[in-house]
file input.cif (mmCIF, C-alpha atoms)
data_start
loop_
_atom_site.label_atom_id
_atom_site.label_comp_id
_atom_site.auth_asym_id
_atom_site.auth_seq_id
_atom_site.Cartn_x
_atom_site.Cartn_y
_atom_site.Cartn_z
CA MET Z 24 9.64 88.33 -29.09
CA ILE Z 25 6.43 86.13 -29.20
CA PRO Z 26 3.34 88.25 -29.36
CA ARG Z 27 1.05 88.03 -26.32
CA TYR Z 28 -1.96 86.72 -28.23
CA GLN Z 29 0.13 83.79 -29.55
CA ARG Z 30 1.21 82.81 -26.01
CA ILE Z 31 -2.42 82.91 -24.84
CA LEU Z 32 -3.44 80.76 -27.80
CA PHE Z 33 -0.62 78.25 -27.06
CA TYR Z 34 -1.54 77.84 -23.39
CA THR Z 35 -5.21 77.54 -24.24
CA LEU Z 36 -4.50 74.77 -26.79
CA ALA Z 37 -2.20 72.97 -24.32
CA VAL Z 38 -4.87 72.98 -21.58
CA MET Z 39 -7.50 71.74 -24.04
CA THR Z 40 -5.18 68.90 -25.15
CA LEU Z 41 -4.71 67.73 -21.54
CA LEU Z 42 -8.44 67.89 -20.89
CA LEU Z 43 -9.14 65.90 -24.04
CA ALA Z 44 -6.57 63.25 -23.03
CA ALA Z 45 -8.11 62.91 -19.55
CA PHE Z 46 -11.58 62.64 -21.06
CA THR Z 47 -10.44 59.92 -23.49
CA ILE Z 48 -8.75 57.86 -20.76
CA ARG Z 49 -11.83 58.08 -18.53
CA GLU Z 50 -14.14 57.02 -21.38
CA ARG Z 51 -11.88 54.05 -22.14
CA GLN Z 52 -12.00 52.89 -18.53
CA LYS Z 53 -15.78 53.17 -18.46
CA ALA Z 54 -16.02 51.11 -21.65
CA GLN Z 55 -13.77 48.39 -20.18
CA GLU Z 56 -15.81 48.20 -16.97
CA HIS Z 57 -18.96 47.90 -19.03
CA ILE Z 58 -17.57 44.99 -21.10
CA THR Z 59 -16.23 43.21 -17.98
CA ALA Z 60 -19.61 43.55 -16.30
CA ILE Z 61 -21.32 41.95 -19.30
CA ASN Z 62 -18.79 39.04 -19.40
CA SER Z 63 -19.04 38.39 -15.65
CA ALA Z 64 -22.72 37.75 -16.00
CA MET Z 65 -22.15 35.00 -18.58
CA PRO Z 66 -21.79 31.36 -17.35
CA TYR Z 67 -18.46 29.59 -17.90
CA VAL Z 68 -19.06 26.13 -16.34
CA ALA Z 69 -22.11 24.11 -15.49
CA PRO Z 70 -23.49 25.08 -12.08
CA VAL Z 71 -22.68 22.63 -9.27
CA ASP Z 72 -25.30 21.96 -6.67
CA ALA Z 73 -22.84 21.71 -3.80
CA GLN Z 74 -23.29 22.60 -0.18
CA THR Z 75 -20.58 22.60 2.42
CA GLU Z 76 -21.01 19.66 4.74
CA SER Z 77 -19.02 17.63 7.23
CA VAL Z 78 -17.38 14.49 5.80
CA THR Z 79 -15.30 11.70 7.28
CA LEU Z 80 -11.82 11.22 5.83
CA ASP Z 81 -9.68 8.18 6.64
CA LEU Z 82 -6.25 9.79 6.90
CA ALA Z 83 -3.07 7.71 6.71
CA ASN Z 84 0.08 8.15 8.74
CA ASP Z 85 3.31 6.68 7.38
CA ALA Z 86 5.23 6.95 10.64
CA ASP Z 87 3.18 4.41 12.60
CA GLY Z 88 1.23 2.81 9.76
CA THR Z 89 -2.15 3.86 11.10
CA ILE Z 90 -5.32 5.24 9.52
CA LEU Z 91 -7.43 7.58 11.62
CA SER Z 92 -10.87 8.96 10.81
CA ALA Z 93 -11.20 12.75 10.89
CA LEU Z 94 -14.05 15.16 10.18
CA ARG Z 95 -13.52 17.86 7.56
CA ASP Z 96 -15.75 20.34 5.72
CA ALA Z 97 -16.20 19.87 2.00
CA ALA Z 98 -18.57 21.12 -0.72
CA LEU Z 99 -19.96 17.97 -2.30
CA PRO Z 100 -22.37 17.69 -5.20
CA LYS Z 101 -25.46 15.49 -4.86
CA GLU Z 102 -24.80 13.18 -7.81
CA PRO Z 103 -23.05 10.11 -6.28
CA SER Z 104 -20.19 9.75 -8.82
CA LEU Z 105 -19.35 13.46 -8.68
CA ARG Z 106 -19.69 13.28 -4.92
CA ALA Z 107 -17.19 10.40 -4.70
CA HIS Z 108 -14.79 12.27 -6.99
CA ALA Z 109 -15.03 15.47 -4.95
CA LEU Z 110 -14.60 13.48 -1.77
CA LEU Z 111 -11.35 11.92 -2.97
CA GLU Z 112 -10.04 15.27 -4.21
CA ARG Z 113 -10.73 16.62 -0.72
CA LEU Z 114 -8.86 13.63 0.74
CA PHE Z 115 -5.82 14.19 -1.47
CA SER Z 116 -5.79 17.91 -0.70
CA GLU Z 117 -4.96 16.83 2.88
CA TYR Z 118 -2.02 14.76 1.60
CA ASN Z 119 -0.76 17.74 -0.44
CA LEU Z 120 -0.28 19.83 2.69
CA PRO Z 121 3.38 20.47 3.54
CA ASP Z 122 3.18 18.82 6.98
CA SER Z 123 1.09 15.83 5.89
CA PRO Z 124 2.01 12.57 7.68
CA HIS Z 125 1.38 10.77 4.37
CA PRO Z 126 2.85 13.21 1.83
CA LEU Z 127 1.67 12.85 -1.77
CA THR Z 128 2.66 15.72 -4.00
CA THR Z 129 1.05 15.02 -7.36
CA SER Z 130 -2.36 16.57 -7.82
CA PRO Z 131 -4.97 15.93 -9.10
CA ALA Z 132 -4.79 12.25 -8.27
CA VAL Z 133 -8.17 11.00 -9.46
CA ASP Z 134 -9.40 11.34 -13.02
CA ASP Z 135 -12.89 9.86 -12.60
CA VAL Z 136 -14.96 7.79 -10.24
CA PHE Z 137 -17.69 5.55 -11.65
CA LEU Z 138 -20.33 3.89 -9.52
CA LEU Z 139 -21.69 0.73 -11.10
CA THR Z 140 -24.53 -1.46 -9.93
CA PRO Z 141 -23.87 -5.07 -10.97
CA PRO Z 142 -26.88 -6.97 -12.28
CA VAL Z 143 -28.37 -9.35 -9.73
CA SER Z 144 -28.02 -12.93 -10.91
CA PRO Z 145 -29.97 -15.78 -9.30
CA ASN Z 146 -26.88 -18.00 -9.76
CA ALA Z 147 -24.54 -15.56 -8.02
CA PRO Z 148 -22.61 -16.95 -5.03
CA ALA Z 149 -24.20 -16.20 -1.67
CA ASP Z 150 -21.05 -14.51 -0.37
CA LEU Z 151 -20.93 -12.02 -3.27
CA PRO Z 152 -21.13 -8.54 -1.73
CA HIS Z 153 -24.35 -6.62 -2.43
CA GLY Z 154 -23.93 -3.01 -3.38
CA GLN Z 155 -22.25 -0.80 -5.89
CA LEU Z 156 -18.82 -1.21 -7.41
CA ALA Z 157 -16.79 2.01 -7.34
CA VAL Z 158 -14.21 2.22 -10.11
CA VAL Z 159 -11.57 4.78 -9.18
CA ASN Z 160 -9.60 5.87 -12.23
CA LEU Z 161 -6.29 7.27 -10.98
CA ARG Z 162 -4.08 9.50 -13.12
CA ALA Z 163 -0.88 7.88 -14.39
CA ALA Z 164 1.13 10.92 -13.29
CA PHE Z 165 -0.09 10.34 -9.75
CA ALA Z 166 0.69 6.61 -9.76
CA ASP Z 167 4.11 7.13 -11.34
CA ALA Z 168 5.09 9.72 -8.74
CA HIS Z 169 3.63 7.84 -5.77
CA PRO Z 170 6.22 6.87 -3.11
CA SER Z 171 7.23 3.24 -3.57
CA GLY Z 172 6.80 0.76 -0.73
CA VAL Z 173 4.37 -1.83 0.60
CA LEU Z 174 3.09 0.15 3.58
CA VAL Z 175 2.90 3.56 1.92
CA GLU Z 176 1.02 2.21 -1.11
CA VAL Z 177 -1.34 0.08 0.97
CA LEU Z 178 -2.11 3.09 3.18
CA THR Z 179 -3.08 5.17 0.14
CA LEU Z 180 -5.47 2.48 -1.12
CA GLN Z 181 -6.94 1.82 2.33
CA SER Z 182 -7.40 5.55 2.85
CA ILE Z 183 -9.39 5.79 -0.39
CA VAL Z 184 -11.45 2.68 0.38
CA GLY Z 185 -12.17 3.77 3.95
CA THR Z 186 -13.16 7.30 2.94
CA LEU Z 187 -15.56 6.03 0.27
CA HIS Z 188 -17.03 3.50 2.71
CA ALA Z 189 -17.56 6.11 5.42
CA ASN Z 190 -19.40 8.58 3.18
CA LEU Z 191 -21.04 6.40 0.53
CA PRO Z 192 -22.26 3.26 2.33
CA GLN Z 193 -23.90 1.91 -0.84
CA ILE Z 194 -20.42 1.06 -2.16
CA ALA Z 195 -19.52 -2.60 -1.55
CA GLN Z 196 -16.29 -2.90 -3.56
CA VAL Z 197 -13.64 -0.59 -4.95
CA ARG Z 198 -11.56 -1.31 -8.04
CA PHE Z 199 -8.64 0.82 -9.22
CA LEU Z 200 -7.60 1.71 -12.76
CA VAL Z 201 -4.75 3.93 -13.91
CA ASP Z 202 -5.54 6.13 -16.91
CA GLY Z 203 -8.43 3.80 -17.74
CA GLN Z 204 -6.23 0.67 -17.83
CA GLN Z 205 -5.72 -2.13 -15.35
CA ARG Z 206 -2.27 -1.92 -13.78
CA GLU Z 207 -0.51 -4.64 -11.76
CA THR Z 208 0.57 -2.45 -8.84
CA LEU Z 209 0.23 1.14 -7.69
CA ALA Z 210 3.97 1.89 -7.51
CA GLY Z 211 5.55 -1.55 -7.54
CA HIS Z 212 3.94 -3.15 -4.48
CA ALA Z 213 0.22 -2.80 -3.66
CA ASP Z 214 -1.89 -5.08 -5.86
CA LEU Z 215 -4.35 -3.31 -8.17
CA THR Z 216 -5.53 -6.38 -10.06
CA HIS Z 217 -8.48 -7.21 -7.82
CA ALA Z 218 -11.38 -5.37 -6.21
CA TYR Z 219 -11.05 -4.25 -2.60
CA PRO Z 220 -14.01 -4.79 -0.24
CA ALA Z 221 -15.36 -1.46 1.01
CA VAL Z 222 -14.80 -1.70 4.74
CA ASP Z 223 -13.78 0.53 7.60
CA THR Z 224 -10.00 0.69 7.21
CA ALA Z 225 -9.31 2.90 10.23
CA ALA Z 226 -7.31 1.22 12.99
CA THR Z 227 -7.04 -2.10 11.18
CA LEU Z 228 -3.28 -2.20 11.54
CA LEU Z 229 -1.94 -4.41 14.29
CA GLN Z 230 0.88 -4.75 16.73
CA PRO Z 231 2.44 -8.09 17.71
CA THR Z 232 0.90 -9.63 20.81
CA HIS Z 233 2.45 -11.99 23.31
CA PRO Z 234 1.34 -15.63 23.19
CA ILE Z 235 -0.60 -15.36 26.46
CA GLU Z 236 -2.80 -12.72 24.81
CA HIS Z 237 -3.44 -15.08 21.89
CA ARG Z 238 -4.84 -17.71 24.17
CA GLN Z 239 -7.51 -15.52 25.67
CA MET E 3 -8.72 -22.48 26.08
CA LEU E 4 -6.43 -23.42 23.22
CA ALA E 5 -3.05 -22.04 22.33
CA LEU E 6 -2.61 -20.64 18.83
CA PRO E 7 0.12 -23.16 17.88
CA ASN E 8 -2.23 -26.01 18.71
CA LEU E 9 -4.89 -24.46 16.55
CA VAL E 10 -2.39 -24.15 13.74
CA ALA E 11 -1.13 -27.68 14.10
CA ALA E 12 -4.63 -29.11 14.37
CA GLN E 13 -5.47 -28.31 10.76
CA SER E 14 -4.90 -30.95 8.15
CA MET E 15 -2.21 -29.46 5.93
CA PRO E 16 -0.03 -30.64 3.06
CA TYR E 17 3.54 -31.74 3.68
CA ILE E 18 6.01 -29.01 4.66
CA SER E 19 9.83 -29.29 4.68
CA ARG E 20 10.47 -28.00 8.19
CA ASN E 21 14.12 -27.14 7.48
CA VAL E 22 13.63 -25.26 4.22
CA ILE E 23 13.18 -21.47 4.09
CA LEU E 24 12.45 -19.58 0.89
CA LEU E 25 13.74 -16.03 0.57
CA ASP E 26 12.42 -13.76 -2.18
CA PRO E 27 14.47 -10.58 -2.62
CA ALA E 28 11.91 -8.38 -4.36
CA HIS E 29 12.40 -6.73 -7.76
CA GLY E 30 15.48 -7.34 -9.93
CA GLY E 31 16.52 -6.87 -13.53
CA GLN E 32 14.73 -4.00 -15.20
CA ASP E 33 12.51 -3.62 -12.13
CA ASN E 34 14.57 -1.45 -9.79
CA GLY E 35 11.87 -1.03 -7.15
CA ALA E 36 11.97 2.04 -4.95
CA ALA E 37 14.91 4.44 -4.96
CA ILE E 38 16.56 4.36 -1.53
CA GLY E 39 18.97 7.28 -1.57
CA SER E 40 21.26 6.55 -4.48
CA GLN E 41 20.59 2.82 -4.51
CA PRO E 42 17.77 0.84 -6.13
CA GLU E 43 15.64 -1.33 -3.88
CA LYS E 44 16.58 -4.44 -5.86
CA ASN E 45 20.22 -4.20 -4.71
CA ILE E 46 19.38 -3.67 -1.05
CA THR E 47 16.91 -6.57 -0.95
CA LEU E 48 19.59 -8.78 -2.48
CA SER E 49 22.13 -7.72 0.13
CA LEU E 50 19.60 -8.32 2.92
CA SER E 51 18.78 -11.72 1.44
CA ASP E 52 22.46 -12.71 1.42
CA THR E 53 22.86 -11.69 5.05
CA LEU E 54 19.75 -13.54 6.17
CA LYS E 55 20.64 -16.61 4.12
CA SER E 56 24.03 -16.97 5.77
CA LEU E 57 22.54 -16.62 9.26
CA LEU E 58 19.77 -19.15 8.56
CA THR E 59 22.23 -21.62 7.03
CA ALA E 60 24.38 -21.34 10.14
CA ARG E 61 21.31 -22.28 12.19
CA GLY E 62 20.72 -25.47 10.22
CA PHE E 63 18.18 -24.34 7.64
CA THR E 64 18.34 -25.10 3.94
CA VAL E 65 17.76 -21.75 2.28
CA ALA E 66 16.50 -21.29 -1.27
CA THR E 67 16.18 -17.92 -2.97
CA THR E 68 14.20 -16.80 -5.99
CA ARG E 69 17.24 -14.91 -7.26
CA ASP E 70 20.91 -14.76 -6.26
CA GLY E 71 21.85 -11.82 -8.43
CA ASP E 72 20.60 -9.52 -11.13
CA PRO E 73 19.60 -11.14 -14.43
CA PRO E 74 21.76 -10.18 -17.41
CA ALA E 75 20.81 -7.04 -19.32
CA GLY E 76 17.87 -7.63 -21.60
CA ALA E 77 16.69 -10.74 -19.74
CA PRO E 78 13.09 -10.50 -18.58
CA ALA E 79 12.51 -9.85 -14.89
CA LEU E 80 10.99 -12.60 -12.74
CA THR E 81 7.22 -12.41 -12.70
CA PHE E 82 5.20 -12.73 -9.51
CA ASP E 83 3.87 -16.09 -10.69
CA GLN E 84 7.40 -17.39 -11.34
CA ARG E 85 8.46 -16.40 -7.84
CA ALA E 86 5.44 -18.15 -6.34
CA GLY E 87 6.05 -21.21 -8.49
CA THR E 88 9.64 -21.50 -7.26
CA ALA E 89 8.46 -21.25 -3.66
CA ASN E 90 5.56 -23.67 -3.96
CA HIS E 91 7.66 -26.44 -5.50
CA LEU E 92 9.95 -26.48 -2.47
CA ARG E 93 7.21 -26.85 0.20
CA PRO E 94 9.21 -24.62 2.57
CA ALA E 95 8.50 -24.09 6.25
CA ALA E 96 8.31 -20.34 5.59
CA CYS E 97 8.41 -17.99 2.62
CA ILE E 98 9.81 -14.54 3.30
CA LEU E 99 9.52 -11.72 0.76
CA LEU E 100 12.07 -8.97 1.30
CA HIS E 101 11.28 -5.32 0.51
CA VAL E 102 12.87 -1.98 1.37
CA THR E 103 11.32 1.47 1.45
CA SER E 104 12.20 5.02 2.34
CA SER E 105 8.67 5.73 3.68
CA GLY E 106 7.70 5.18 7.30
CA PHE E 107 9.90 3.82 10.06
CA GLY E 108 11.01 0.45 11.40
CA VAL E 109 10.00 -2.93 10.05
CA HIS E 110 6.69 -3.66 8.34
CA LEU E 111 5.50 -7.27 8.48
CA VAL E 112 2.84 -7.93 5.87
CA THR E 113 0.63 -11.01 5.62
CA SER E 114 -2.06 -11.75 3.06
CA ALA E 115 -5.41 -9.99 3.42
CA LEU E 116 -7.26 -13.13 2.27
CA ASP E 117 -9.84 -14.58 4.62
CA PRO E 118 -8.66 -17.86 6.18
CA SER E 119 -10.03 -20.92 4.47
CA VAL E 120 -13.03 -22.35 6.33
CA SER E 121 -13.06 -25.72 4.59
CA PRO E 122 -10.48 -28.36 5.57
CA TYR E 123 -7.63 -29.13 3.21
CA GLU E 124 -8.59 -31.86 0.77
CA PRO E 125 -5.73 -33.14 -1.45
CA SER E 126 -8.08 -34.22 -4.22
CA VAL E 127 -9.68 -30.77 -4.56
CA PRO E 128 -7.70 -28.33 -6.75
CA GLN E 129 -7.16 -24.97 -5.06
CA PRO E 130 -7.46 -21.64 -6.94
CA TRP E 131 -4.14 -19.97 -7.69
CA ASP E 132 -5.36 -16.54 -6.60
CA THR E 133 -6.32 -17.72 -3.12
CA ALA E 134 -3.77 -20.49 -2.56
CA GLN E 135 -2.52 -18.76 0.59
CA ALA E 136 -5.93 -19.00 2.29
CA PHE E 137 -5.09 -22.39 3.87
CA TYR E 138 -1.93 -20.95 5.44
CA ILE E 139 -3.33 -17.69 6.84
CA PRO E 140 -3.34 -18.83 10.52
CA GLN E 141 0.26 -20.06 10.23
CA SER E 142 1.36 -16.94 8.35
CA ARG E 143 -0.16 -14.62 10.97
CA SER E 144 1.31 -16.70 13.78
CA LEU E 145 4.71 -16.44 12.08
CA ALA E 146 4.36 -12.67 11.58
CA ASN E 147 3.36 -12.20 15.21
CA ASP E 148 6.33 -14.21 16.50
CA LEU E 149 8.78 -12.42 14.22
CA GLY E 150 7.26 -9.11 15.32
CA LEU E 151 7.81 -9.96 18.98
CA ALA E 152 11.41 -10.92 18.25
CA LEU E 153 12.02 -7.64 16.41
CA GLU E 154 10.50 -5.62 19.24
CA HIS E 155 12.79 -7.51 21.62
CA ALA E 156 15.68 -6.37 19.39
CA LYS E 157 14.46 -2.76 19.81
CA LEU E 158 13.19 -2.51 16.25
CA PRO E 159 9.74 -0.87 15.88
CA VAL E 160 7.26 -3.13 14.11
CA VAL E 161 4.02 -2.60 12.19
CA LEU E 162 1.89 -5.62 11.28
CA LEU E 163 -0.59 -5.36 8.46
CA HIS E 164 -2.71 -7.51 6.19
CA ALA E 165 -2.50 -6.41 2.57
CA ALA E 166 -2.76 -7.54 -1.02
CA VAL E 167 0.87 -7.73 -2.11
CA ARG E 168 1.80 -10.13 -4.86
CA PRO E 169 2.78 -12.94 -4.80
CA LEU E 170 1.71 -13.48 -1.16
CA ASP E 171 -1.77 -14.73 -2.11
CA ASN E 172 -0.30 -17.40 -4.42
CA LEU E 173 2.10 -18.99 -1.93
CA THR E 174 1.39 -22.43 -0.44
CA CYS E 175 3.51 -21.95 2.67
CA PRO E 176 3.42 -19.81 5.79
CA ALA E 177 4.37 -16.50 4.16
CA LEU E 178 4.95 -12.86 4.89
CA ALA E 179 6.66 -9.83 3.40
CA VAL E 180 9.29 -8.08 5.50
CA GLU E 181 9.72 -4.43 4.52
CA LEU E 182 12.65 -2.55 5.99
CA ALA E 183 12.12 1.21 6.45
CA PRO E 184 14.46 3.82 7.96
CA LEU E 185 15.10 3.44 11.69
CA ALA E 186 14.20 6.54 13.70
CA ARG E 187 16.80 7.60 16.26
CA SER E 188 16.29 10.27 18.90
CA GLY E 189 18.27 13.40 18.13
CA GLN E 190 19.87 11.91 15.02
CA ARG E 191 19.01 11.37 11.39
CA PRO E 192 17.11 8.14 10.71
CA LEU E 193 19.28 5.15 9.85
CA PRO E 194 18.69 4.22 6.19
CA PRO E 195 17.69 0.65 5.33
CA SER E 196 20.85 0.34 3.23
CA ASP E 197 22.94 0.45 6.43
CA SER E 198 24.68 -2.93 6.78
CA LEU E 199 24.59 -2.94 10.60
CA TYR E 200 20.85 -2.23 10.56
CA GLN E 201 20.36 -5.11 8.12
CA GLN E 202 22.49 -7.41 10.26
CA ARG E 203 20.42 -6.54 13.34
CA LEU E 204 17.21 -7.31 11.50
CA ALA E 205 18.52 -10.53 9.99
CA THR E 206 19.82 -11.85 13.31
CA ALA E 207 16.48 -11.24 15.02
CA LEU E 208 14.60 -12.87 12.14
CA ALA E 209 16.89 -15.93 12.04
CA ASP E 210 16.61 -16.58 15.77
CA ALA E 211 12.83 -16.10 15.68
CA LEU E 212 12.46 -18.49 12.73
CA VAL E 213 14.28 -21.23 14.65
CA ALA E 214 12.02 -20.71 17.66
CA TRP E 215 8.86 -20.61 15.53
CA ARG E 216 9.81 -23.78 13.65
CA ASP E 217 10.60 -25.69 16.86
CA GLU E 218 7.28 -24.63 18.40
CA ASN E 219 5.00 -25.06 15.40
CA LEU E 220 6.70 -27.73 13.30
CA PRO E 221 8.15 -30.21 15.79
CA LYS E 222 10.46 -32.97 14.61
CA PRO E 223 8.67 -36.20 13.73
CA ALA E 224 8.86 -38.72 16.52
CA PRO E 225 11.46 -41.49 15.99
CA PRO E 226 10.04 -44.93 15.19
CA ALA E 227 9.13 -46.92 18.29
CA PRO E 228 11.62 -49.71 19.14
CA LYS E 229 10.45 -53.20 18.44
CA PRO E 230 9.35 -55.20 21.51
CA ALA E 231 12.12 -57.40 22.93
CA GLY E 232 11.83 -61.14 22.46
CA VAL E 233 9.77 -60.96 19.29
CA THR E 234 11.59 -62.24 16.25
CA PRO E 235 10.18 -62.63 12.86
#

call {"tool": "encode", "arguments": {"input": "input.cif", "output": "structure tokens"}}
result
Amino acid sequence: MIPRYQRILFYTLAVMTLLLAAFTIRERQKAQEHITAINSAMPYVAPVDAQTESVTLDLANDADGTILSALRDAALPKEPSLRAHALLERLFSEYNLPDSPHPLTTSPAVDDVFLLTPPVSPNAPADLPHGQLAVVNLRAAFADAHPSGVLVEVLTLQSIVGTLHANLPQIAQVRFLVDGQQRETLAGHADLTHAYPAVDTAATLLQPTHPIEHRQ
Amino acid sequence: MLALPNLVAAQSMPYISRNVILLDPAHGGQDNGAAIGSQPEKNITLSLSDTLKSLLTARGFTVATTRDGDPPAGAPALTFDQRAGTANHLRPAACILLHVTSSGFGVHLVTSALDPSVSPYEPSVPQPWDTAQAFYIPQSRSLANDLGLALEHAKLPVVLLHAAVRPLDNLTCPALAVELAPLARSGQRPLPPSDSLYQQRLATALADALVAWRDENLPKPAPPAPKPAGVTP
């Protein structure tokens, strides 16, 4: 038979143990919240001065070989090279969508975009385009996984060129590199060895016309 | 009001062998090209080239190809410049590059994106290799248009485009790339470009259209005029 005072002492100690455990757990949670709050206030990456704005994307369609301009919202930084990079990432996010008419699965596609202003030479040919040269450095993983074919590769390049031209009119030419190196083709077909003139690429694809239409 | 063929014929151009066609089945050797189902593109372009060659030969053309098979293992693949060199030495009436893809639908006819040359052809002036096609742009686009019409007549959907695809820019002949993509069919799965009947349909339309284009744009030279009667040396 346990004496009554011992039972009272046991229950009292048990209740105090539970209270102490609850107090300890609560204090631990408070300490964690305090540390998290301090860390959240610390910066991790450089701040980006980006505002959401409406941009024009030249979107390709493999089925009929067309490129159509479309307006989309995007947060773009002010610095032109970063702006061009963000613009192309926004473009390729459209192609990553499951129902994209020009499906490209590898992302990110673009490593860097550099905007270069060639020096003006008095001996330069008169037909040399005036403006900046955009060097688009594609990732090798993107190029290696790109669908292979003349039309599908040309549409990707024209989509990039048209999107840059529509949003950054100071660009006169676009050159493509892959992992910083010149490559002969994108995925076996479209030529990457020369610079592309920055022009409006939307609706440049054609249909055959009857001879009578030629003569007009 | 001038017809396009007259415009094309009006330009001073180097000699062309009106009965010679050059076919370039793309890729080959270690370069497999695109994967079309379980087959590499290089095999399908070769099969399409063989079909088209036999149809063109039956219509009186002399057909040359940049490759008739796959090079032996370890042999280097043909470069773009070698393909263009083979074509340019023959002075063919047309150069046709054959490609196959699993993207898009129908037939894609691709001509060079170079601007047409504005200066007349001058034999004594060397032409740059990278823009050799510029003199032939009007003829190449006329050829692509006529082939496109023939393919549409054969119920094959066509897309025309101007693009930088090697070695188109280096060719000194009316030139285009023909890319065969799956054929969409209502209510059925698309017909793959490896289908032999689909290839035969394409090749027949192309062969007939090439005969018509040659006869319209590259007429036979007139026979020598008969000597006047009564005049003897």

call {"tool": "resolve_selection", "arguments": {"input": "input.cif", "expression": "the PyMOL selection byres ((chain E) within 10 of (chain Z))", "output": "PDB file with C-alpha atoms, in the frame of the given file"}}
result
ATOM      1  CA  MET E   3      -8.720 -22.480  26.080  1.00  0.00           C
ATOM      2  CA  LEU E   4      -6.430 -23.420  23.220  1.00  0.00           C
ATOM      3  CA  ALA E   5      -3.050 -22.040  22.330  1.00  0.00           C
ATOM      4  CA  LEU E   6      -2.610 -20.640  18.830  1.00  0.00           C
ATOM      5  CA  PRO E   7       0.120 -23.160  17.880  1.00  0.00           C
ATOM      6  CA  ALA E  28      11.910  -8.380  -4.360  1.00  0.00           C
ATOM      7  CA  HIS E  29      12.400  -6.730  -7.760  1.00  0.00           C
ATOM      8  CA  ASP E  33      12.510  -3.620 -12.130  1.00  0.00           C
ATOM      9  CA  ASN E  34      14.570  -1.450  -9.790  1.00  0.00           C
ATOM     10  CA  GLY E  35      11.870  -1.030  -7.150  1.00  0.00           C
ATOM     11  CA  ALA E  36      11.970   2.040  -4.950  1.00  0.00           C
ATOM     12  CA  ALA E  37      14.910   4.440  -4.960  1.00  0.00           C
ATOM     13  CA  ILE E  38      16.560   4.360  -1.530  1.00  0.00           C
ATOM     14  CA  GLU E  43      15.640  -1.330  -3.880  1.00  0.00           C
ATOM     15  CA  HIS E 101      11.280  -5.320   0.510  1.00  0.00           C
ATOM     16  CA  VAL E 102      12.870  -1.980   1.370  1.00  0.00           C
ATOM     17  CA  THR E 103      11.320   1.470   1.450  1.00  0.00           C
ATOM     18  CA  SER E 104      12.200   5.020   2.340  1.00  0.00           C
ATOM     19  CA  SER E 105       8.670   5.730   3.680  1.00  0.00           C
ATOM     20  CA  GLY E 106       7.700   5.180   7.300  1.00  0.00           C
ATOM     21  CA  PHE E 107       9.900   3.820  10.060  1.00  0.00           C
ATOM     22  CA  GLY E 108      11.010   0.450  11.400  1.00  0.00           C
ATOM     23  CA  VAL E 109      10.000  -2.930  10.050  1.00  0.00           C
ATOM     24  CA  HIS E 110       6.690  -3.660   8.340  1.00  0.00           C
ATOM     25  CA  LEU E 111       5.500  -7.270   8.480  1.00  0.00           C
ATOM     26  CA  VAL E 112       2.840  -7.930   5.870  1.00  0.00           C
ATOM     27  CA  ASP E 132      -5.360 -16.540  -6.600  1.00  0.00           C
ATOM     28  CA  ARG E 143      -0.160 -14.620  10.970  1.00  0.00           C
ATOM     29  CA  SER E 144       1.310 -16.700  13.780  1.00  0.00           C
ATOM     30  CA  ALA E 146       4.360 -12.670  11.580  1.00  0.00           C
ATOM     31  CA  ASN E 147       3.360 -12.200  15.210  1.00  0.00           C
ATOM     32  CA  ASP E 148       6.330 -14.210  16.500  1.00  0.00           C
ATOM     33  CA  LEU E 149       8.780 -12.420  14.220  1.00  0.00           C
ATOM     34  CA  GLY E 150       7.260  -9.110  15.320  1.00  0.00           C
ATOM     35  CA  LEU E 151       7.810  -9.960  18.980  1.00  0.00           C
ATOM     36  CA  ALA E 152      11.410 -10.920  18.250  1.00  0.00           C
ATOM     37  CA  LEU E 153      12.020  -7.640  16.410  1.00  0.00           C
ATOM     38  CA  GLU E 154      10.500  -5.620  19.240  1.00  0.00           C
ATOM     39  CA  PRO E 159       9.740  -0.870  15.880  1.00  0.00           C
ATOM     40  CA  VAL E 160       7.260  -3.130  14.110  1.00  0.00           C
ATOM     41  CA  VAL E 161       4.020  -2.600  12.190  1.00  0.00           C
ATOM     42  CA  LEU E 162       1.890  -5.620  11.280  1.00  0.00           C
ATOM     43  CA  LEU E 163      -0.590  -5.360   8.460  1.00  0.00           C
ATOM     44  CA  HIS E 164      -2.710  -7.510   6.190  1.00  0.00           C
ATOM     45  CA  ALA E 165      -2.500  -6.410   2.570  1.00  0.00           C
ATOM     46  CA  ALA E 166      -2.760  -7.540  -1.020  1.00  0.00           C
ATOM     47  CA  VAL E 167       0.870  -7.730  -2.110  1.00  0.00           C
ATOM     48  CA  ARG E 168       1.800 -10.130  -4.860  1.00  0.00           C
ATOM     49  CA  PRO E 169       2.780 -12.940  -4.800  1.00  0.00           C
ATOM     50  CA  ALA E 179       6.660  -9.830   3.400  1.00  0.00           C
ATOM     51  CA  VAL E 180       9.290  -8.080   5.500  1.00  0.00           C
ATOM     52  CA  GLU E 181       9.720  -4.430   4.520  1.00  0.00           C
ATOM     53  CA  LEU E 182      12.650  -2.550   5.990  1.00  0.00           C
ATOM     54  CA  ALA E 183      12.120   1.210   6.450  1.00  0.00           C
ATOM     55  CA  ALA E 186      14.200   6.540  13.700  1.00  0.00           C
TER      56      ALA E 186
END

call {"tool": "closest_residue", "arguments": {"input": "input.cif", "among": "Z:Ala93, Z:Ala157, Z:Met39, Z:Ala109", "to": "Z:Val197", "atoms": "only C-alpha atoms"}}
result
Z:Ala157

call {"tool": "atom_distance", "arguments": {"input": "input.cif", "atom1": "atom CA of Z:Thr186", "atom2": "atom CA of Z:Asp122"}}
result
20.4 Å
